[in-house]
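Data block for start_37.pdb (PDB, C-alpha atoms):
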ATOM      1  CA  MET A 521     -18.271  -5.098  -4.530
ATOM      2  CA  GLN A 522     -17.393  -1.786  -6.165
ATOM      3  CA  LEU A 523     -14.559   0.248  -4.657
ATOM      4  CA  LYS A 524     -16.889   3.132  -3.813
ATOM      5  CA  ASN A 525     -18.756   0.742  -1.498
ATOM      6  CA  TRP A 526     -15.669  -0.134   0.523
ATOM      7  CA  THR A 527     -15.499   1.241   4.059
ATOM      8  CA  VAL A 528     -11.855   0.965   5.056
ATOM      9  CA  LEU A 529      -9.918   1.313   8.291
ATOM     10  CA  VAL A 530      -6.129   1.351   7.971
ATOM     11  CA  VAL A 531      -4.150   0.514  11.130
ATOM     12  CA  GLU A 532      -0.559   1.557  10.440
ATOM     13  CA  PRO A 533       1.839   2.797  13.167
ATOM     14  CA  ASN A 534       4.120   4.354  10.540
ATOM     15  CA  LYS A 535       2.275   7.541   9.558
ATOM     16  CA  PHE A 536       4.146   7.818   6.271
ATOM     17  CA  GLU A 537       3.163   4.319   5.145
ATOM     18  CA  GLY A 538      -0.371   5.010   6.347
ATOM     19  CA  GLN A 539      -0.456   8.084   4.109
ATOM     20  CA  ILE A 540       0.740   6.034   1.146
ATOM     21  CA  ILE A 541      -2.043   3.460   1.613
ATOM     22  CA  LEU A 542      -4.587   6.266   2.039
ATOM     23  CA  ASP A 543      -3.440   7.885  -1.207
ATOM     24  CA  LEU A 544      -3.506   4.579  -3.071
ATOM     25  CA  LEU A 545      -7.070   3.858  -1.952
ATOM     26  CA  ARG A 546      -8.460   7.328  -2.616
ATOM     27  CA  ASN A 547      -6.889   7.566  -6.039
ATOM     28  CA  ALA A 548      -8.322   4.130  -6.855
ATOM     29  CA  GLY A 549     -11.824   5.427  -6.068
ATOM     30  CA  VAL A 550     -12.371   4.404  -2.444
ATOM     31  CA  GLU A 551     -14.309   7.208  -0.746
ATOM     32  CA  LYS A 552     -14.609   6.056   2.883
ATOM     33  CA  VAL A 553     -11.184   5.569   4.483
ATOM     34  CA  LYS A 554      -9.897   6.216   8.013
ATOM     35  CA  VAL A 555      -6.262   5.829   9.105
ATOM     36  CA  VAL A 556      -5.125   5.297  12.709
ATOM     37  CA  THR A 557      -1.660   4.662  14.143
ATOM     38  CA  ASP A 558      -2.695   3.088  17.457
ATOM     39  CA  GLN A 559      -4.162  -0.410  17.590
ATOM     40  CA  ALA A 560      -6.149   0.178  20.788
ATOM     41  CA  ALA A 561      -7.717   3.274  19.245
ATOM     42  CA  ALA A 562      -8.539   1.212  16.161
ATOM     43  CA  LEU A 563     -10.644  -1.198  18.219
ATOM     44  CA  GLU A 564     -12.495   1.725  19.798
ATOM     45  CA  ILE A 565     -13.216   3.268  16.404
ATOM     46  CA  LEU A 566     -14.433  -0.048  15.031
ATOM     47  CA  GLU A 567     -17.149  -0.166  17.697
ATOM     48  CA  VAL A 568     -18.942   2.609  15.777
ATOM     49  CA  TYR A 569     -17.227   2.543  12.360
ATOM     50  CA  ASN A 570     -18.532  -0.536  10.566
ATOM     51  CA  ALA A 571     -15.630  -1.129   8.175
ATOM     52  CA  ASN A 572     -15.937  -3.944   5.665
ATOM     53  CA  VAL A 573     -12.194  -3.798   4.938
ATOM     54  CA  VAL A 574      -9.521  -3.584   7.644
ATOM     55  CA  ILE A 575      -5.891  -3.167   6.543
ATOM     56  CA  ALA A 576      -3.459  -3.615   9.444
ATOM     57  CA  SER A 577       0.322  -3.694   9.654
ATOM     58  CA  PHE A 578       1.953  -6.821  11.042
ATOM     59  CA  GLU A 579       4.634  -4.620  12.621
ATOM     60  CA  MET A 580       2.563  -3.139  15.456
ATOM     61  CA  GLN A 581       2.941  -2.864  19.230
ATOM     62  CA  PRO A 582       2.117  -4.194  21.772
ATOM     63  CA  LEU A 583       0.425  -6.904  19.671
ATOM     64  CA  ASP A 584       1.691  -7.811  16.233
ATOM     65  CA  GLY A 585      -0.752  -8.027  13.336
ATOM     66  CA  ALA A 586      -1.641 -11.648  14.052
ATOM     67  CA  GLY A 587      -2.253 -11.004  17.749
ATOM     68  CA  TRP A 588      -4.347  -7.939  16.988
ATOM     69  CA  THR A 589      -6.409  -9.924  14.475
ATOM     70  CA  ARG A 590      -7.207 -12.521  17.140
ATOM     71  CA  ALA A 591      -8.375  -9.774  19.491
ATOM     72  CA  TYR A 592     -10.443  -8.208  16.722
ATOM     73  CA  ARG A 593     -12.167 -11.471  15.793
ATOM     74  CA  ARG A 594     -13.102 -12.230  19.419
ATOM     75  CA  ASN A 595     -14.386  -8.774  20.322
ATOM     76  CA  HIS A 596     -18.192  -9.019  20.249
ATOM     77  CA  LYS A 597     -18.513  -5.247  20.673
ATOM     78  CA  LEU A 598     -17.373  -4.829  17.072
ATOM     79  CA  PRO A 599     -20.223  -4.941  14.528
ATOM     80  CA  GLY A 600     -17.747  -5.769  11.772
ATOM     81  CA  ARG A 601     -15.656  -8.435  13.492
ATOM     82  CA  LYS A 602     -16.547 -10.878  10.708
ATOM     83  CA  GLN A 603     -15.381  -8.528   7.974
ATOM     84  CA  ALA A 604     -12.205  -8.990   5.926
ATOM     85  CA  ILE A 605      -8.781  -8.320   7.469
ATOM     86  CA  PHE A 606      -5.699  -7.699   5.336
ATOM     87  CA  ILE A 607      -2.289  -7.790   7.022
ATOM     88  CA  THR A 608       0.627  -5.911   5.448
ATOM     89  CA  SER A 609       4.318  -6.494   6.123
ATOM     90  CA  GLY A 610       7.733  -5.598   4.773
ATOM     91  CA  ALA A 611       9.075  -8.935   6.071
ATOM     92  CA  PHE A 612       6.758 -11.302   4.178
ATOM     93  CA  SER A 613       7.341 -15.023   4.800
ATOM     94  CA  LEU A 614       5.408 -18.272   4.491
ATOM     95  CA  ALA A 615       5.638 -18.717   8.266
ATOM     96  CA  MET A 616       4.046 -15.294   8.736
ATOM     97  CA  ALA A 617       1.304 -16.196   6.263
ATOM     98  CA  GLU A 618       0.479 -19.314   8.274
ATOM     99  CA  GLU A 619       0.472 -17.326  11.520
ATOM    100  CA  CYS A 620      -1.928 -14.810  10.023
ATOM    101  CA  ARG A 621      -4.145 -17.571   8.626
ATOM    102  CA  HIS A 622      -4.516 -19.189  12.033
ATOM    103  CA  ALA A 623      -5.168 -15.786  13.610
ATOM    104  CA  GLY A 624      -8.174 -15.249  11.341
ATOM    105  CA  ALA A 625      -6.816 -12.895   8.685
ATOM    106  CA  ASN A 626      -8.067 -13.097   5.102
ATOM    107  CA  ALA A 627      -4.870 -12.062   3.339
ATOM    108  CA  LEU A 628      -1.215 -11.095   3.764
ATOM    109  CA  ILE A 629       0.237  -8.420   1.465
ATOM    110  CA  GLY A 630       3.961  -7.732   1.143
ATOM    111  CA  LYS A 631       5.370  -4.190   1.157
ATOM    112  CA  PRO A 632       6.027  -1.941  -0.659
ATOM    113  CA  ILE A 633       2.401  -1.962  -1.783
ATOM    114  CA  SER A 634       1.135  -0.902  -5.192
ATOM    115  CA  ALA A 635      -2.392   0.266  -5.961
ATOM    116  CA  LYS A 636      -2.864  -2.634  -8.382
ATOM    117  CA  VAL A 637      -1.874  -5.324  -5.880
ATOM    118  CA  LEU A 638      -3.849  -3.769  -3.026
ATOM    119  CA  THR A 639      -7.124  -3.309  -4.888
ATOM    120  CA  ALA A 640      -6.851  -6.662  -6.666
ATOM    121  CA  THR A 641      -6.249  -8.523  -3.389
ATOM    122  CA  VAL A 642      -9.146  -6.850  -1.582
ATOM    123  CA  THR A 643     -11.437  -7.420  -4.565
ATOM    124  CA  LYS A 644     -10.465 -11.090  -4.719
ATOM    125  CA  VAL A 645     -11.285 -11.640  -1.048
ATOM    126  CA  LEU A 646     -14.549  -9.680  -1.077
ATOM    127  CA  SER A 647     -15.782 -11.397  -4.247
ATOM    128  CA  LYS A 648     -15.442 -14.865  -2.705
ATOM    129  CA  PRO A 649     -16.505 -14.614   0.940
ATOM    130  CA  ARG A 650     -15.757 -17.670   3.074
ATOM    131  CA  GLU A 651     -17.839 -19.262   5.786
ATOM    132  CA  PHE A 652     -17.144 -17.587   9.127
ATOM    133  CA  ILE A 653     -16.086 -19.956  11.912
ATOM    134  CA  ASP A 654     -16.727 -18.970  15.549
ATOM    135  CA  ALA A 655     -15.346 -21.784  17.683
ATOM    136  CA  ALA A 656     -13.437 -22.071  20.940
ATOM    137  CA  GLY A 657     -10.099 -22.624  19.230
ATOM    138  CA  TYR A 658     -10.516 -20.423  16.162
ATOM    139  CA  VAL A 659     -12.524 -17.399  15.028
ATOM    140  CA  GLY A 660     -12.317 -16.207  11.441
ATOM    141  CA  PRO A 661     -12.866 -17.223   7.807
ATOM    142  CA  CYS A 662     -12.659 -20.942   7.072
ATOM    143  CA  ARG A 663      -8.951 -21.832   7.001
ATOM    144  CA  ARG A 664      -9.135 -24.897   4.787
ATOM    145  CA  ALA A 665      -8.727 -22.877   1.595
ATOM    146  CA  GLY A 666      -5.562 -21.255   2.952
ATOM    147  CA  ILE A 667      -4.824 -17.528   3.043
ATOM    148  CA  VAL A 668      -4.659 -15.136   0.106
ATOM    149  CA  THR A 669      -1.134 -13.766  -0.370
ATOM    150  CA  ALA A 670       0.193 -10.989  -2.596
ATOM    151  CA  GLY A 671       3.599  -9.415  -2.982
ATOM    152  CA  ALA A 672       5.365 -12.539  -1.683
ATOM    153  CA  PRO A 673       9.040 -12.751  -2.717
ATOM    154  CA  LYS A 674       8.455 -15.979  -4.624
ATOM    155  CA  LYS A 675       5.803 -14.245  -6.741
ATOM    156  CA  ARG A 676       8.022 -11.381  -7.779
ATOM    157  CA  ARG A 677      10.020 -11.524 -10.972
ATOM    158  CA  LYS A 678      13.644 -12.573 -10.617
ATOM    159  CA  ALA A 679      14.638  -9.149 -11.855
ATOM    160  CA  ASP A 680      12.946  -7.633  -8.798
ATOM    161  CA  ASN A 681      14.279 -10.020  -6.161
ATOM    162  CA  SER A 682      17.930  -9.075  -6.242
ATOM    163  CA  ASN A 683      17.272  -5.418  -5.535
ATOM    164  CA  THR A 684      14.115  -5.374  -3.428
ATOM    165  CA  LEU A 685      16.074  -3.692  -0.623
ATOM    166  CA  VAL A 686      18.324  -0.982  -1.982
ATOM    167  CA  ASP A 687      21.598  -0.193  -0.207
ATOM    168  CA  PRO A 688      21.715   3.557   0.546
ATOM    169  CA  LYS A 689      25.185   3.660  -1.033
ATOM    170  CA  THR A 690      23.740   2.666  -4.379
ATOM    171  CA  VAL A 691      20.541   4.719  -4.305
ATOM    172  CA  GLN A 692      22.047   7.330  -6.623
ATOM    173  CA  THR A 693      22.663   4.657  -9.250
ATOM    174  CA  VAL A 694      19.095   3.424  -8.829
ATOM    175  CA  VAL A 695      17.713   6.929  -9.234
ATOM    176  CA  GLU A 696      19.764   7.381 -12.401
ATOM    177  CA  ALA A 697      18.236   4.157 -13.711
ATOM    178  CA  LEU A 698      14.783   5.556 -12.922
ATOM    179  CA  VAL A 699      15.551   8.765 -14.822
ATOM    180  CA  ALA A 700      16.649   6.759 -17.863
ATOM    181  CA  ALA A 701      13.627   4.441 -17.660
ATOM    182  CA  ALA A 702      11.226   7.390 -17.350
ATOM    183  CA  ALA A 703      12.834   9.080 -20.359
ATOM    184  CA  ALA A 704      12.357   5.911 -22.404
ATOM    185  CA  TYR A 705       8.742   5.610 -21.280
ATOM    186  CA  ALA A 706       8.049   9.253 -22.178
ATOM    187  CA  VAL A 707       8.684   8.487 -25.854
ATOM    188  CA  ASP A 708       7.447   4.882 -25.900
ATOM    189  CA  ALA A 709       4.472   3.774 -23.787
ATOM    190  CA  ASN A 710       5.595   0.163 -24.195
ATOM    191  CA  LYS A 711       8.496   0.959 -21.841
ATOM    192  CA  LEU A 712       6.137   1.290 -18.851
ATOM    193  CA  GLU A 713       7.272  -1.941 -17.172
ATOM    194  CA  GLY A 714      10.899  -0.827 -17.035
ATOM    195  CA  CYS A 715       9.895   2.467 -15.453
ATOM    196  CA  GLU A 716       7.712   0.719 -12.870
ATOM    197  CA  HIS A 717      10.547  -1.655 -11.982
ATOM    198  CA  ALA A 718      13.018   1.203 -11.445
ATOM    199  CA  LEU A 719      10.488   3.109  -9.348
ATOM    200  CA  ARG A 720       9.870   0.081  -7.109
ATOM    201  CA  GLN A 721      13.568  -0.003  -6.241
ATOM    202  CA  VAL A 722      13.567   3.656  -5.204
ATOM    203  CA  GLN A 723      10.329   3.116  -3.286
ATOM    204  CA  ALA A 724      11.849   0.159  -1.437
ATOM    205  CA  TYR A 725      14.780   2.341  -0.409
ATOM    206  CA  ALA A 726      12.405   5.072   0.816
ATOM    207  CA  VAL A 727      10.367   2.632   2.918
ATOM    208  CA  ASN A 728      13.419   1.044   4.522
ATOM    209  CA  ALA A 729      15.043   4.437   5.157
ATOM    210  CA  GLY A 730      11.833   5.798   6.680
ATOM    211  CA  ASP A 731      12.014   8.733   4.259
ATOM    212  CA  GLY A 732       8.477  10.141   4.399
ATOM    213  CA  PRO A 733       8.688  12.772   1.629
ATOM    214  CA  LEU A 734      10.362  10.337  -0.769
ATOM    215  CA  MET A 735       7.804   7.647   0.067
ATOM    216  CA  ARG A 736       4.947  10.026  -0.718
ATOM    217  CA  ALA A 737       6.576  11.209  -3.931
ATOM    218  CA  CYS A 738       7.128   7.596  -5.057
ATOM    219  CA  ALA A 739       3.505   6.727  -4.220
ATOM    220  CA  ALA A 740       2.281   9.668  -6.320
ATOM    221  CA  PHE A 741       4.683   8.674  -9.106
ATOM    222  CA  ALA A 742       3.301   5.112  -9.051
ATOM    223  CA  LEU A 743      -0.234   6.478  -9.263
ATOM    224  CA  GLN A 744       0.738   8.584 -12.250
ATOM    225  CA  LEU A 745       2.090   5.521 -14.044
ATOM    226  CA  SER A 746      -0.955   3.389 -13.232
ATOM    227  CA  SER A 747      -3.450   6.065 -14.320
ATOM    228  CA  ALA A 748      -1.685   7.425 -17.417
ATOM    229  CA  LYS A 749      -4.086   5.638 -19.765
ATOM    230  CA  GLY A 750      -6.677   8.099 -20.979
ATOM    231  CA  LEU A 751      -4.546  11.174 -20.275
ATOM    232  CA  ARG A 752      -3.466  13.513 -23.032
ATOM    233  CA  PRO A 753       0.190  12.918 -24.007
ATOM    234  CA  GLU A 754       1.213  16.429 -22.993
ATOM    235  CA  ALA A 755      -0.355  15.944 -19.549
ATOM    236  CA  VAL A 756       1.502  12.647 -19.119
ATOM    237  CA  ARG A 757       4.823  14.191 -20.075
ATOM    238  CA  ALA A 758       4.349  17.199 -17.791
ATOM    239  CA  SER A 759       3.366  15.078 -14.794
ATOM    240  CA  LEU A 760       6.138  12.585 -15.494
ATOM    241  CA  GLU A 761       8.722  15.361 -15.572
ATOM    242  CA  VAL A 762       7.580  16.723 -12.203
ATOM    243  CA  CYS A 763       7.668  13.221 -10.690
ATOM    244  CA  VAL A 764      11.166  12.457 -11.937
ATOM    245  CA  ASN A 765      12.578  15.840 -10.938
ATOM    246  CA  GLY A 766      10.939  15.550  -7.533
ATOM    247  CA  VAL A 767      12.482  12.162  -6.785
ATOM    248  CA  VAL A 768      15.914  13.353  -7.945
ATOM    249  CA  LYS A 769      15.752  16.443  -5.721
ATOM    250  CA  LEU A 770      14.511  14.494  -2.683
ATOM    251  CA  VAL A 771      17.390  12.036  -2.921
ATOM    252  CA  SER A 772      19.934  14.855  -3.281
ATOM    253  CA  LEU A 773      18.663  16.931  -0.340
ATOM    254  CA  GLY A 774      19.699  16.041   3.202
ATOM    255  CA  ALA A 775      17.404  15.459   6.168
ATOM    256  CA  ASP A 776      18.194  18.980   7.426
ATOM    257  CA  GLN A 777      16.194  20.314   4.439
ATOM    258  CA  GLY A 778      12.955  18.980   5.914
ATOM    259  CA  VAL A 779      10.672  21.852   4.955
ATOM    260  CA  ARG A 780      11.980  21.992   1.392
ATOM    261  CA  ARG A 781      11.662  18.222   1.013
ATOM    262  CA  GLU A 782       8.043  18.344   2.194
ATOM    263  CA  GLU A 783       7.313  21.062  -0.372
ATOM    264  CA  ILE A 784       8.812  18.951  -3.159
ATOM    265  CA  ALA A 785       6.804  15.872  -2.175
ATOM    266  CA  GLU A 786       3.611  17.935  -2.074
ATOM    267  CA  GLY A 787       4.449  19.396  -5.482
ATOM    268  CA  VAL A 788       4.688  15.905  -6.954
ATOM    269  CA  ARG A 789       1.334  14.927  -5.450
ATOM    270  CA  GLN A 790      -0.321  18.073  -6.792
ATOM    271  CA  ALA A 791       1.079  17.502 -10.278
ATOM    272  CA  VAL A 792      -0.342  13.981 -10.368
ATOM    273  CA  GLY A 793      -3.677  15.258  -9.061
ATOM    274  CA  LYS A 794      -3.766  17.961 -11.721
ATOM    275  CA  ALA A 795      -3.125  15.402 -14.444
ATOM    276  CA  SER A 796      -5.965  13.227 -13.109
ATOM    277  CA  MET A 797      -8.340  16.219 -13.178
ATOM    278  CA  GLN A 798      -7.471  16.825 -16.817
ATOM    279  CA  ARG A 799      -8.434  13.251 -17.600
ATOM    280  CA  ALA A 800     -11.731  13.652 -15.796
ATOM    281  CA  ALA A 801     -12.430  16.827 -17.753
TER     282      ALA A 801
END
If you convert what's in this file into C-alpha cells, what do you get?
Amino acid sequence: MQLKNWTVLVVEPNKFEGQIILDLLRNAGVEKVKVVTDQAAALEILEVYNANVVIASFEMQPLDGAGWTRAYRRNHKLPGRKQAIFITSGAFSLAMAEECRHAGANALIGKPISAKVLTATVTKVLSKPREFIDAAGYVGPCRRAGIVTAGAPKKRRKADNSNTLVDPKTVQTVVEALVAAAAAYAVDANKLEGCEHALRQVQAYAVNAGDGPLMRACAAFALQLSSAKGLRPEAVRASLEVCVNGVVKLVSLGADQGVRREEIAEGVRQAVGKASMQRAA
C-alpha cells in the first residue's frame, strides 16, 4: 500500500512527540493524518475516522498502550478495529513486546523514532496482513508469527547503545560532536552515517528532557538528512547550516527564552521545507 493511501491516527499524550510523528509522516508523503492526545477522544474519533494505521504511545493514561489496544480491538463501534496498530515507547523491552502482542498490536517501535524506521515498519505490516482472530480470550492479528519490532536496543549498533540516553551534563559535548559530524558530511556525502548517529544522541536528550523546540528541530534535521538525495549541493549546504546553527542555539538558550526558542525551531523547519520545495521544482 502506497503511503498516500494511508489514513493515520496518532494517539500521543506528549504533544511534542506527536508533532514529531506528524512531521515524519507528512514529509514521507502521508496525506491523511490526525493527532490526538487523549485516548478516550481517540476512540470517539475512530468511530467516524476509518484509519488503516493507528500509532499509539505505550505511555498513556489511564490505560497503557497494551490496555488501550485491547479496548480498541473489542469495540464493535469502530469500523477499523481490525486495522493495524503500532505501539511506540521510549522504554522498549522484550516483555513489553510480548504484552503488546497478546493485547492485539501489530508492532512495537522504540523511540526516538526516525522516518525510515517508522515507514518501513508500517509498510512491512501492511504488506503482509495476518488473519484476524476474534475469540473470547483474544482479539487481534494471529499471534503465532510473533510481533514486528523496530528500534529495539538489541537491534541498534553497539556504537549507539552506550549513549542512547544522553546525560544533560554532557549534552554540550554531544552537540559539538554533531557540529563536527555535520561539517564532515557537508564536504563528503559518505559521512552521512556519522552525522545521523550524532543527531540521534541529541534527539534522545531532547526527548528525555521534554524539550519541545529542540525535539522539533532535531526531527526537521533528520528529515533534511534523509531527503538530501536529489537536492542541489548548495541547497543541502544552506539547509544543513540552518539545522546545525538552530540546534546549537537551542541548547545554549535557557527555558526562560521560550518565545525565541520556538522561533528558532520554526526557522529550522522552514529551512528544511524550503530545501524540499527546491527539489520538487
Residues picked by the PyMOL selection byres ((chain A and resi 578) around 12) here, as a PyMOL selection string?
chain A and resi 530-534+559+575-577+579-589+605-613+616-617+619-620+623+625+627-631
Produce a file of the selected residues containing C-alpha atoms, as an mmCIF file, keeping the file's coordinate frame.
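Output saved as out26.cif:
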data_model
loop_
_atom_site.group_PDB
_atom_site.id
_atom_site.type_symbol
_atom_site.label_atom_id
_atom_site.label_comp_id
_atom_site.auth_asym_id
_atom_site.auth_seq_id
_atom_site.Cartn_x
_atom_site.Cartn_y
_atom_site.Cartn_z
ATOM 1 C CA VAL A 530 -6.129 1.351 7.971
ATOM 2 C CA VAL A 531 -4.150 0.514 11.130
ATOM 3 C CA GLU A 532 -0.559 1.557 10.440
ATOM 4 C CA PRO A 533 1.839 2.797 13.167
ATOM 5 C CA ASN A 534 4.120 4.354 10.540
ATOM 6 C CA GLN A 559 -4.162 -0.410 17.590
ATOM 7 C CA ILE A 575 -5.891 -3.167 6.543
ATOM 8 C CA ALA A 576 -3.459 -3.615 9.444
ATOM 9 C CA SER A 577 0.322 -3.694 9.654
ATOM 10 C CA GLU A 579 4.634 -4.620 12.621
ATOM 11 C CA MET A 580 2.563 -3.139 15.456
ATOM 12 C CA GLN A 581 2.941 -2.864 19.230
ATOM 13 C CA PRO A 582 2.117 -4.194 21.772
ATOM 14 C CA LEU A 583 0.425 -6.904 19.671
ATOM 15 C CA ASP A 584 1.691 -7.811 16.233
ATOM 16 C CA GLY A 585 -0.752 -8.027 13.336
ATOM 17 C CA ALA A 586 -1.641 -11.648 14.052
ATOM 18 C CA GLY A 587 -2.253 -11.004 17.749
ATOM 19 C CA TRP A 588 -4.347 -7.939 16.988
ATOM 20 C CA THR A 589 -6.409 -9.924 14.475
ATOM 21 C CA ILE A 605 -8.781 -8.320 7.469
ATOM 22 C CA PHE A 606 -5.699 -7.699 5.336
ATOM 23 C CA ILE A 607 -2.289 -7.790 7.022
ATOM 24 C CA THR A 608 0.627 -5.911 5.448
ATOM 25 C CA SER A 609 4.318 -6.494 6.123
ATOM 26 C CA GLY A 610 7.733 -5.598 4.773
ATOM 27 C CA ALA A 611 9.075 -8.935 6.071
ATOM 28 C CA PHE A 612 6.758 -11.302 4.178
ATOM 29 C CA SER A 613 7.341 -15.023 4.800
ATOM 30 C CA MET A 616 4.046 -15.294 8.736
ATOM 31 C CA ALA A 617 1.304 -16.196 6.263
ATOM 32 C CA GLU A 619 0.472 -17.326 11.520
ATOM 33 C CA CYS A 620 -1.928 -14.810 10.023
ATOM 34 C CA ALA A 623 -5.168 -15.786 13.610
ATOM 35 C CA ALA A 625 -6.816 -12.895 8.685
ATOM 36 C CA ALA A 627 -4.870 -12.062 3.339
ATOM 37 C CA LEU A 628 -1.215 -11.095 3.764
ATOM 38 C CA ILE A 629 0.237 -8.420 1.465
ATOM 39 C CA GLY A 630 3.961 -7.732 1.143
ATOM 40 C CA LYS A 631 5.370 -4.190 1.157
#
Counting only C-alpha atoms, what is within 12 Å of Glu761 (chain A), bar same-chain residues fewer than 3 positions away, as a ChimeraX atom specification?
/A:698-700,702-703,705-706,741,744-745,754-758,764-768,787-788,791-792,795
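Take CA of Glu786 (chain A) and CA of Ala701 (chain A): the distance between them is 22.9 Å.
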Can you pull out the residues contacting Thr639 (chain A)? Cut-off 12 Å, using all atoms listed in the file, and skip same-chain residues under 6 positions away; I want them as a PyMOL selection string.
chain A and resi 521-524+526+528+541+544-550+573+575+606+629+633+645-647+670
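As for CA of Asn626 (chain A) and CA of Ala739 (chain A), they are spaced 24.8 Å apart.
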Non-local contacts of Phe652 (chain A) (9 Å; all atoms listed in the file; under 2 positions in same chain excluded) as a list in words:
Lys602, Pro649, Arg650, Asp654, Val659, Gly660, Pro661 and Cys662 of chain A
Calculate, to one decimal in Å, the centre and edge lengths of the box along x, y and z of the file that holds all listed atoms of region 631-646 of chain A with 5 Å of margin on each side, and present them as AutoDock Vina command-line options.
--center_x -4.3 --center_y -5.7 --center_z -3.6 --size_x 30.6 --size_y 21.9 --size_z 19.5
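CA of Thr641 (chain A) sits 25.0 Å away from CA of Gly732 (chain A).
Between Arg601 (chain A) and the residues A:Ile653, A:Leu770, A:Ala640, A:Ala697, the shortest atom-to-atom distance, using all atoms listed in the file, involves A:Ile653.
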Identify which of the residues A:Leu719, A:Ala655, A:Ala740, A:Val707 lies closest to Pro753 (chain A), counting only C-alpha atoms when measuring atom-to-atom distances.
A:Val707
Assuming the chain letters and numbering stay as they are in my file, what does the PyMOL selection byres ((chain A and resi 733) around 7) actually select? List them as a VMD selection string.
chain A and resid 731 to 732 734 to 737 781 to 782 785
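Using all atoms listed in the file for every distance, the candidate list A:Ala604, A:Ala729, A:Ala571, A:Ile540 yields A:Ala729 as the residue closest to Ala775 (chain A).
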Can you rebuild region 606-611 of chain A with all heavy atoms and give it as a short mmCIF file (atom, residue, chain, number, x, y, z; two decimals), in the coordinates of the input?
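So part_10.cif came out as:
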data_model
loop_
_atom_site.label_atom_id
_atom_site.label_comp_id
_atom_site.auth_asym_id
_atom_site.auth_seq_id
_atom_site.Cartn_x
_atom_site.Cartn_y
_atom_site.Cartn_z
N PHE A 606 -6.87 -7.57 6.20
CA PHE A 606 -5.70 -7.70 5.34
C PHE A 606 -4.48 -7.24 6.12
O PHE A 606 -4.41 -6.09 6.56
CB PHE A 606 -5.88 -6.86 4.08
CG PHE A 606 -7.10 -7.23 3.28
CD1 PHE A 606 -8.36 -6.75 3.64
CD2 PHE A 606 -7.00 -8.08 2.19
CE1 PHE A 606 -9.50 -7.11 2.94
CE2 PHE A 606 -8.13 -8.44 1.47
CZ PHE A 606 -9.38 -7.97 1.84
N ILE A 607 -3.50 -8.12 6.29
CA ILE A 607 -2.29 -7.79 7.02
C ILE A 607 -1.20 -7.41 6.02
O ILE A 607 -1.02 -8.08 5.01
CB ILE A 607 -1.81 -8.98 7.88
CG1 ILE A 607 -2.92 -9.42 8.84
CG2 ILE A 607 -0.55 -8.61 8.65
CD1 ILE A 607 -3.33 -8.37 9.84
N THR A 608 -0.48 -6.34 6.31
CA THR A 608 0.63 -5.91 5.45
C THR A 608 1.94 -6.06 6.21
O THR A 608 1.99 -5.91 7.43
CB THR A 608 0.46 -4.44 5.02
OG1 THR A 608 0.53 -3.59 6.18
CG2 THR A 608 -0.87 -4.23 4.32
N SER A 609 3.02 -6.35 5.47
CA SER A 609 4.32 -6.49 6.12
C SER A 609 5.45 -6.32 5.12
O SER A 609 5.35 -6.76 3.98
CB SER A 609 4.44 -7.86 6.80
OG SER A 609 5.73 -8.03 7.36
N GLY A 610 6.54 -5.72 5.59
CA GLY A 610 7.73 -5.60 4.77
C GLY A 610 8.65 -6.79 4.95
O GLY A 610 9.70 -6.87 4.33
N ALA A 611 8.25 -7.74 5.81
CA ALA A 611 9.07 -8.94 6.07
C ALA A 611 8.27 -10.18 5.76
O ALA A 611 8.20 -11.12 6.55
CB ALA A 611 9.54 -8.94 7.53
#
